[in-house]
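One file, final.cif, is given below (mmCIF, C-alpha atoms).
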data_run
loop_
_atom_site.label_atom_id
_atom_site.label_comp_id
_atom_site.auth_asym_id
_atom_site.auth_seq_id
_atom_site.Cartn_x
_atom_site.Cartn_y
_atom_site.Cartn_z
CA MET C 115 -4.54 81.50 65.94
CA LYS C 116 -6.22 78.10 65.60
CA SER C 117 -5.48 75.45 68.24
CA VAL C 118 -4.25 71.95 67.42
CA ALA C 119 -3.35 68.87 69.44
CA ALA C 120 0.44 68.78 69.65
CA VAL C 121 1.92 65.38 70.50
CA VAL C 122 5.32 64.61 72.00
CA GLY C 123 6.30 60.96 72.47
CA ASP C 124 9.32 58.93 73.45
CA LEU C 125 10.06 55.22 73.59
CA VAL C 126 10.07 53.57 77.01
CA GLY C 127 12.40 50.64 77.55
CA SER C 128 14.08 50.87 74.16
CA ARG C 129 17.51 50.33 75.69
CA ARG C 130 16.38 46.94 76.95
CA ALA C 131 15.24 45.82 73.51
CA SER C 132 16.95 42.68 72.23
CA ASN C 133 17.39 44.31 68.82
CA ARG C 134 17.33 48.10 68.89
CA ARG C 135 17.67 48.37 65.10
CA ASP C 136 14.59 46.22 64.57
CA LEU C 137 12.67 48.22 67.19
CA HIS C 138 13.61 51.51 65.54
CA ASP C 139 12.59 50.17 62.12
CA ARG C 140 9.19 49.09 63.45
CA PHE C 141 8.79 52.44 65.19
CA ALA C 142 9.62 54.32 61.98
CA ALA C 143 7.23 52.11 59.97
CA ALA C 144 4.42 52.79 62.48
CA VAL C 145 5.05 56.55 62.21
CA ASP C 146 4.97 56.32 58.41
CA ARG C 147 1.67 54.41 58.49
CA MET C 148 0.12 57.03 60.76
CA ASN C 149 1.26 59.82 58.45
CA ALA C 150 -0.46 57.99 55.58
CA ALA C 151 -3.70 57.41 57.53
CA GLU C 152 -7.01 58.50 56.08
CA GLY C 153 -9.44 60.94 57.66
CA ARG C 154 -8.99 62.58 61.04
CA LEU C 155 -6.23 60.19 62.13
CA ARG C 156 -3.96 61.77 59.55
CA PRO C 157 -1.77 64.35 61.37
CA VAL C 158 -2.00 67.98 60.25
CA THR C 159 1.72 68.32 60.97
CA PRO C 160 3.35 65.02 59.94
CA LEU C 161 4.84 62.93 62.72
CA ARG C 162 8.62 62.98 62.64
CA ILE C 163 11.20 61.13 64.65
CA MET C 164 13.64 63.46 66.34
CA ALA C 165 17.03 62.77 67.90
CA GLY C 166 17.12 59.53 69.86
CA ASP C 167 13.79 57.84 70.51
CA ASP C 168 11.55 60.93 70.48
CA TYR C 169 8.90 61.94 67.95
CA GLN C 170 6.37 64.74 67.55
CA GLY C 171 3.53 65.96 65.37
CA CYS C 172 0.10 67.61 65.47
CA PHE C 173 -3.51 66.48 65.01
CA VAL C 174 -6.64 68.46 64.26
CA THR C 175 -8.44 67.31 67.44
CA VAL C 176 -7.47 65.95 70.85
CA GLY C 177 -9.56 62.87 70.09
CA ALA C 178 -7.56 62.10 66.96
CA ALA C 179 -4.32 62.50 68.92
CA LEU C 180 -5.57 60.14 71.63
CA GLN C 181 -6.53 57.48 69.11
CA ALA C 182 -3.27 57.84 67.20
CA THR C 183 -1.14 57.44 70.32
CA LEU C 184 -2.89 54.17 71.18
CA ARG C 185 -2.31 52.75 67.71
CA LEU C 186 1.35 53.73 67.75
CA ARG C 187 1.79 52.01 71.11
CA LEU C 188 0.15 48.82 69.88
CA ALA C 189 2.35 48.77 66.78
CA LEU C 190 5.35 48.06 69.02
CA GLY C 191 3.73 45.24 70.97
CA ALA C 192 4.93 44.46 74.49
CA GLU C 193 8.68 44.76 73.84
CA ALA C 194 8.65 48.54 74.21
CA ASP C 195 6.09 51.23 74.92
CA ILE C 196 5.69 54.92 74.12
CA ARG C 197 5.16 57.67 76.66
CA HIS C 198 3.02 60.60 75.37
CA GLY C 199 2.25 64.19 76.20
CA ILE C 200 -0.62 65.90 74.36
CA GLY C 201 -1.09 69.67 74.43
CA TRP C 202 -4.05 71.63 73.09
CA GLY C 203 -3.15 75.15 71.99
CA SER C 204 -1.83 77.28 69.17
CA VAL C 205 1.49 76.55 67.48
CA SER C 206 3.72 78.63 65.23
CA VAL C 207 6.30 77.66 62.62
CA LEU C 208 9.70 79.19 63.33
CA SER C 209 11.49 77.46 60.46
CA ALA C 210 10.17 75.50 57.49
CA GLU C 211 13.35 73.53 56.70
CA PRO C 212 14.34 72.02 58.99
CA ARG C 213 10.86 72.35 60.48
CA VAL C 214 10.88 74.00 63.88
CA GLU C 215 7.66 74.82 65.73
CA ASP C 216 6.86 76.54 69.01
CA GLY C 217 3.89 77.87 70.91
CA PRO C 218 1.49 77.01 73.75
CA GLY C 219 0.43 73.69 72.21
CA TRP C 220 4.01 72.44 72.31
CA TRP C 221 4.69 73.87 75.75
CA GLU C 222 1.69 72.02 77.17
CA ALA C 223 2.60 68.77 75.39
CA ARG C 224 6.09 68.86 76.90
CA SER C 225 4.69 69.63 80.35
CA ALA C 226 2.26 66.72 79.95
CA ILE C 227 4.96 64.19 79.11
CA GLU C 228 6.98 65.40 82.10
CA GLU C 229 3.90 64.74 84.26
CA VAL C 230 3.80 61.18 82.94
CA GLU C 231 7.46 60.65 83.85
CA VAL C 232 6.83 61.88 87.40
CA ALA C 233 3.66 59.79 87.78
CA GLN C 234 5.40 56.60 86.65
CA ALA C 235 7.60 56.74 89.74
CA LYS C 236 4.57 56.66 92.05
CA PRO C 237 2.84 53.45 93.23
CA GLY C 238 -0.49 53.06 91.51
CA SER C 239 0.50 55.17 88.53
CA ARG C 240 3.30 53.12 87.00
CA GLY C 241 1.10 52.04 84.11
CA LEU C 242 0.39 55.62 83.07
CA ARG C 243 1.76 56.45 79.63
CA THR C 244 -0.33 59.40 78.43
CA ALA C 245 -1.30 62.82 79.78
CA TYR C 246 -3.13 65.81 78.32
CA ARG C 247 -2.92 69.53 79.06
CA ARG C 248 -4.73 72.57 77.66
CA ALA C 249 -3.07 75.94 77.19
CA PRO C 250 -4.31 78.70 79.56
CA LYS C 251 -7.17 80.86 78.28
CA THR C 252 -7.79 78.35 75.49
CA VAL C 253 -11.17 76.78 74.75
CA GLY C 254 -10.86 73.01 74.46
CA PRO C 255 -11.48 69.60 76.04
CA ASP C 256 -11.41 69.48 79.84
CA PRO C 257 -8.06 68.05 81.04
CA ASP C 258 -9.53 66.48 84.19
CA ALA C 259 -12.10 64.44 82.26
CA VAL C 260 -9.65 63.38 79.53
CA ASN C 261 -6.92 62.40 81.99
CA ALA C 262 -9.37 60.37 84.07
CA ALA C 263 -10.15 58.30 80.96
CA LEU C 264 -6.45 57.99 80.14
CA VAL C 265 -5.64 56.62 83.59
CA ALA C 266 -8.24 53.88 83.05
CA ARG C 267 -7.11 53.20 79.47
CA ASP C 268 -3.44 52.95 80.35
CA GLN C 269 -4.07 50.76 83.38
CA LEU C 270 -6.04 48.27 81.28
CA LEU C 271 -3.27 48.25 78.68
CA ALA C 272 -0.64 47.69 81.37
CA GLY C 273 -2.42 44.51 82.45
CA ALA C 274 -2.70 43.03 78.96
CA GLY C 275 -0.18 40.48 77.69
CA THR C 276 1.52 40.36 74.31
CA GLU C 277 -1.19 38.30 72.60
CA SER C 278 -3.96 40.42 74.06
CA LEU C 279 -2.32 43.56 72.70
CA SER C 280 -2.19 41.90 69.28
CA VAL C 281 -5.87 40.99 69.57
CA LEU C 282 -6.69 44.60 70.48
CA ALA C 283 -4.72 45.89 67.50
CA GLY C 284 -6.67 43.56 65.23
CA MET C 285 -9.98 44.71 66.69
CA LEU C 286 -9.06 48.36 66.16
CA ALA C 287 -8.21 47.50 62.56
CA GLY C 288 -11.72 46.09 62.08
CA MET C 289 -10.69 42.44 61.85
CA SER C 290 -13.09 39.67 62.85
CA GLN C 291 -12.25 37.40 65.76
CA LYS C 292 -11.81 34.53 63.29
CA ALA C 293 -9.33 36.55 61.22
CA ILE C 294 -7.43 37.62 64.34
CA ALA C 295 -7.22 34.02 65.50
CA ALA C 296 -5.86 32.89 62.13
CA GLU C 297 -3.24 35.63 62.10
CA LEU C 298 -2.06 34.83 65.64
CA GLY C 299 -2.25 31.06 65.20
CA ILE C 300 -4.68 30.57 68.08
CA SER C 301 -8.30 29.44 68.28
CA PRO C 302 -11.26 31.83 68.00
CA SER C 303 -12.27 30.79 71.52
CA ALA C 304 -8.84 31.87 72.80
CA VAL C 305 -9.38 35.28 71.18
CA SER C 306 -12.80 35.52 72.82
CA GLN C 307 -11.33 34.59 76.22
CA ARG C 308 -8.68 37.31 75.95
CA ILE C 309 -11.31 39.90 75.02
CA ARG C 310 -13.31 39.06 78.14
CA ARG C 311 -10.40 38.54 80.53
CA ASP C 312 -8.43 41.68 79.68
CA GLY C 313 -11.32 44.06 79.12
CA LEU C 314 -10.52 44.57 75.45
CA ALA C 315 -14.12 45.40 74.54
CA ALA C 316 -14.02 48.14 77.17
CA LEU C 317 -10.77 49.46 75.65
CA ILE C 318 -12.42 49.58 72.23
CA ARG C 319 -15.32 51.58 73.68
CA VAL C 320 -12.94 53.93 75.50
CA ASP C 321 -11.09 54.49 72.21
CA GLU C 322 -14.37 55.27 70.43
CA LEU C 323 -15.45 57.77 73.09
CA LEU C 324 -12.05 59.45 73.30
CA GLY C 325 -12.04 59.75 69.53
CA GLU C 326 -15.13 61.96 69.80
CA VAL C 327 -13.30 64.48 72.02
CA ARG C 328 -13.02 67.76 70.14
#

Encoded form (structure tokens):
Amino acid sequence: MKSVAAVVGDLVGSRRASNRRDLHDRFAAAVDRMNAAEGRLRPVTPLRIMAGDDYQGCFVTVGAALQATLRLRLALGAEADIRHGIGWGSVSVLSAEPRVEDGPGWWEARSAIEEVEVAQAKPGSRGLRTAYRRAPKTVGPDPDAVNAALVARDQLLAGAGTESLSVLAGMLAGMSQKAIAAELGISPSAVSQRIRRDGLAALIRVDELLGEVR
């Protein structure tokens, strides 16, 4: 059975949101945009919001899942974040309607998100939001290498402010610094300063390299 990258995510800090309805609407809109994405970022099993603040779906590669999780996080800005577990392995459909899936890919994704929850309670790992696991006896990306990159990615994101996250989102969307500045109502030099200060260029490169993970 072919392996896929199963993704399990849940909102962090949603209960502290000033307007939970607005947050949920933005979350749902971000999920809809990802489901409509072109190319490899389009999930092979559409993302769907489950009970509460959880969602899940599948991507054709681990790299696509890693890139998608970053874009979903940025869509919410700094008000709330999303914790993710990614599992590489086979999945099976138990029921088409309502859709129910099971299998090693899902088991590993759930174990991965539990690892994130445990790590967040430890000093030095509180910025971690994403973890990856591979099902036993399955050929796929090395978890140690992927998770090392995720620790660095998430730590850089944890240190970025609201405007810097917006700048990063614009860069990932292919916008010029001038266009980003106009959208945020700041000067192009301010955009450039945020890129240098918060390591946004490094985050873009990390995203590109992680996207190549097969």

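The spacing separating CA of Arg240 (chain C) from CA of Ala283 (chain C) amounts to 22.3 Å.
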
Tell me, counting all atoms listed in the file, for each residue of region 250-289 of chain C within 12 Å of region 226-238 of chain C, which pair of atoms is nearest and how far apart they are in Å to one decimal, in rows ordered by chain and increasing number, as a tab-separated table.
residue	atom	partner	partner_atom	distance
C:Pro257	CA	C:Ala226	CA	10.5
C:Asn261	CA	C:Ala226	CA	10.3
C:Leu264	CA	C:Val230	CA	11.1
C:Val265	CA	C:Gly238	CA	10.1
C:Ala266	CA	C:Gly238	CA	11.5
C:Asp268	CA	C:Val230	CA	11.3
C:Gln269	CA	C:Gly238	CA	9.2
C:Ala272	CA	C:Gly238	CA	11.5

Give as a count of residues only the residues that the PyMOL selection byres ((chain C and resi 201-203) around 9) matches when applied to the coordinates above. 34

List as a compact mmCIF listing (two decimals) with C-alpha atoms, in the frame of the given file: which residues have an atom within 12 Å of (-9.3, 56.0, 58.2), counting only C-alpha atoms?
# COMPACT_ATOMS: atom_id res chain seq x y z
CA ARG C 147 1.67 54.41 58.49
CA MET C 148 0.12 57.03 60.76
CA ASN C 149 1.26 59.82 58.45
CA ALA C 150 -0.46 57.99 55.58
CA ALA C 151 -3.70 57.41 57.53
CA GLU C 152 -7.01 58.50 56.08
CA GLY C 153 -9.44 60.94 57.66
CA ARG C 154 -8.99 62.58 61.04
CA LEU C 155 -6.23 60.19 62.13
CA ARG C 156 -3.96 61.77 59.55
CA PRO C 157 -1.77 64.35 61.37
CA ALA C 178 -7.56 62.10 66.96
CA GLN C 181 -6.53 57.48 69.11
CA ALA C 182 -3.27 57.84 67.20
CA LEU C 286 -9.06 48.36 66.16
CA ALA C 287 -8.21 47.50 62.56
CA GLY C 288 -11.72 46.09 62.08

Between CA of Ala304 (chain C) and CA of Lys292 (chain C), what is the distance, to one decimal in Å? 10.3 Å

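Distances to His198 (chain C) were evaluated for C:Arg243, C:Arg130, C:Arg162, C:Arg267 using only C-alpha atoms, and the minimum falls at C:Arg243.
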
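The spacing separating CA of Arg310 (chain C) from CA of Gly275 (chain C) amounts to 13.2 Å.
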
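Distance annotation: of C:Asp124, C:Glu326, C:Asp136, C:Asp146, the residue with the minimal separation from Val260 (chain C) is C:Glu326; atom set is all atoms listed in the file.
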
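When only C-alpha atoms are used to measure the gap to Leu324 (chain C), the shortest distance among C:Cys172, C:Ala262, C:Val207, C:Met164 belongs to C:Ala262.
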
Which neighbours of Met285 (chain C) fall inside 9 Å, counting all atoms listed in the file, when residues of the same chain fewer than 6 positions from it are skipped, and could you give them as a PyMOL selection string? chain C and resi 291+294+314-315+318

Excluding same-chain residues fewer than 3 positions from Arg129 (chain C), what lies within 12 Å of it counting only C-alpha atoms, as number ranges by chain? C: 125-126, 132-135, 137-138, 166-167, 193-195

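Of the residues listed (C:Thr159, C:Thr244, C:Leu190, C:Ala144), C:Thr159 shows the shortest atom-to-atom separation from Ala210 (chain C); distances use all atoms listed in the file.
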
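Proximity of C:Ala293, C:Ile163, C:Ile300, C:Ile196 to Leu184 (chain C), computed with only C-alpha atoms, is greatest for C:Ile196.
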
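Every protein or nucleic acid residue with an atom no more than 7 Å from Val305 (chain C), counting all atoms listed in the file and leaving out same-chain residues fewer than 3 positions away, appears here: C:Val281, C:Gln291, C:Ala295, C:Ser301, C:Pro302, C:Arg308, C:Ile309.
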